[in-house]
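Reading through the structure tokens given below for one structure.
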Amino acid sequence: EILRCLVGSEMCIRDSSQTTGSIKDTLDCAIAIKEGGIVEAPVIDEATRSDLLACINDCGNGISEMRLSMDAVRLLKSKGDAFATQIKIVWQDASVKYSDGSKGYLSMIGGLSSDPKRAKELADNITKTVAGDPSIKAVKKLVADVSEAKKIADEFSLNPEIEVFLKKVSALQATVADLTPDTLTWLKEKNLTSKLKIRF
């Protein structure tokens with residue numbers, strides 16, 4: 001009986017430690033999402049944070065007083081899982097909004113850039129990162145890739161008329177009528193006249 005209690009206690013402590021580690025990783029990820037500028041407001045509200053800390057403290061006290069129960073560990077795991085799900089939902093929405101403009105520019109001007117292969121690779125990386133699970137590594141990767149994509153777009157200094165033209169080009173809908181004097185001037189300035197083809 002004593003042995004069973006000791007084994008049960010060890011399992012509770014191990015599960016509590018793993019769950020606490022998982023919650024810490026999720027909290028660190030939530031902080032990284034905010035600090036990376038992917039969201040404006042903090043990802044975790046004060047009530048959720050207090051609730052998680054209270055559960056962690058209960059488990060910590062249970063360990064130090066040799067009274068940790070499996071129910072306390074299950075409650076902690078349940079709260080941690082709910083928090084992780086909340087962060088995934090925030091990531092799925094916020095990461096798309098954060099990267100959409102840059103990825104769109106890459107699809108428009110990537111082929112015209114000095115390194116089209118890298119532009120395509122960046123667009124693919126952004127798509128893959130956004131579709132994956134949130135993590136500190138994913139946050140850093142997305143921020144770096146979006147920053148690099150913005151630098152590529154900034155080289156082209158796009159105004160609304162040029163943006164409309166490039167969207168039509170990338171959708172294979174541009175016509176000779178879209179080659180306005182301003183558009184032609186812009187194409188010449190950027191040395192892009194030989195990169196575009198006219199077809200029937």
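Residues are referred to by chain and number: the chain letter is A, B, ... according to the order shown in the structure tokens, the number counts from 1 in that chain, and ligands are numbered separately from 1 in the order shown.
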Next on the checklist: So that I can check the surroundings of Lys24 in chain A, please list as JSON, numbers by chain every protein, DNA and RNA residue that reaches within 12 Å of it, counting only C-alpha atoms and ignoring chain neighbours fewer than 4 positions away.
Outcome noted: {"A": [17, 18, 19, 20, 28, 29, 30, 31, 49, 52, 53, 56, 80, 81, 83, 84, 135, 136]}
Print the selection's residues with N, CA and C atoms to a file, as a short mmCIF file (atom, residue, chain, number, x, y, z; two decimals), in the first residue's frame.
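This is the output file result_23.cif:
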```
data_model
loop_
_atom_site.label_atom_id
_atom_site.label_comp_id
_atom_site.auth_asym_id
_atom_site.auth_seq_id
_atom_site.Cartn_x
_atom_site.Cartn_y
_atom_site.Cartn_z
N SER A 17 5.02 18.33 -13.22
CA SER A 17 6.22 18.98 -13.74
C SER A 17 6.13 19.14 -15.26
N GLN A 18 5.69 18.08 -15.97
CA GLN A 18 5.57 18.14 -17.43
C GLN A 18 4.52 19.18 -17.84
N THR A 19 3.38 19.17 -17.12
CA THR A 19 2.30 20.10 -17.44
C THR A 19 2.74 21.54 -17.20
N THR A 20 3.43 21.77 -16.08
CA THR A 20 3.92 23.12 -15.77
C THR A 20 4.91 23.59 -16.84
N ASP A 28 5.45 31.61 -22.74
CA ASP A 28 6.58 32.24 -23.43
C ASP A 28 6.22 32.52 -24.89
N CYS A 29 5.49 31.60 -25.50
CA CYS A 29 5.06 31.78 -26.89
C CYS A 29 4.08 32.96 -27.00
N ALA A 30 3.15 33.05 -26.04
CA ALA A 30 2.18 34.16 -26.03
C ALA A 30 2.89 35.50 -25.91
N ILE A 31 3.92 35.55 -25.07
CA ILE A 31 4.70 36.77 -24.89
C ILE A 31 5.44 37.11 -26.20
N ARG A 49 -4.42 34.27 -16.70
CA ARG A 49 -3.07 34.21 -16.11
C ARG A 49 -3.15 33.88 -14.61
N LEU A 52 -4.24 30.23 -14.06
CA LEU A 52 -3.13 29.30 -14.31
C LEU A 52 -2.13 29.31 -13.15
N LEU A 53 -1.77 30.52 -12.71
CA LEU A 53 -0.81 30.64 -11.61
C LEU A 53 -1.34 30.02 -10.32
N ILE A 56 -0.95 26.28 -10.68
CA ILE A 56 0.47 25.92 -10.55
C ILE A 56 0.90 25.99 -9.09
N GLY A 80 -4.15 24.19 -18.72
CA GLY A 80 -3.04 24.36 -19.66
C GLY A 80 -3.44 24.05 -21.09
N ASP A 81 -4.21 22.97 -21.28
CA ASP A 81 -4.67 22.59 -22.62
C ASP A 81 -5.60 23.66 -23.20
N PHE A 83 -5.60 26.82 -22.45
CA PHE A 83 -4.77 27.99 -22.77
C PHE A 83 -4.01 27.77 -24.08
N ALA A 84 -3.47 26.58 -24.26
CA ALA A 84 -2.74 26.26 -25.50
C ALA A 84 -3.67 26.36 -26.72
N SER A 135 4.89 28.70 -31.85
CA SER A 135 6.04 28.42 -30.98
C SER A 135 6.94 29.65 -31.06
N ILE A 136 7.88 29.75 -30.14
CA ILE A 136 8.80 30.89 -30.17
C ILE A 136 9.59 30.86 -31.47
#
```
Checklist entry - Per DSSP on the backbone, what are the helix (DSSP H, G or I) residues of range 1-192 of chain A, as a PyMOL selection string? => result chain A and resi 2-35+46-64+70-112+116-131+136-154+160-170+176-178+181-189
Next on the checklist: With distances taken over only C-alpha atoms, which residue among A:Ala32, A:Leu142, A:Thr180, A:Asp15 lies nearest Ser102 in chain A?
Outcome noted: A:Leu142
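Proximity ranking of A:Ser147, A:Thr85, A:Ser95, A:Ser170 relative to Ile38 in chain A places A:Ser95 first, based on only C-alpha atoms.
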Next on the checklist: I'd like the contact shell of Arg74 in chain A - 9 Å cut-off, only C-alpha atoms, skipping same-chain residues fewer than 5 positions apart - returned as a PyMOL selection string.
Outcome noted: chain A and resi 15-16+69+79
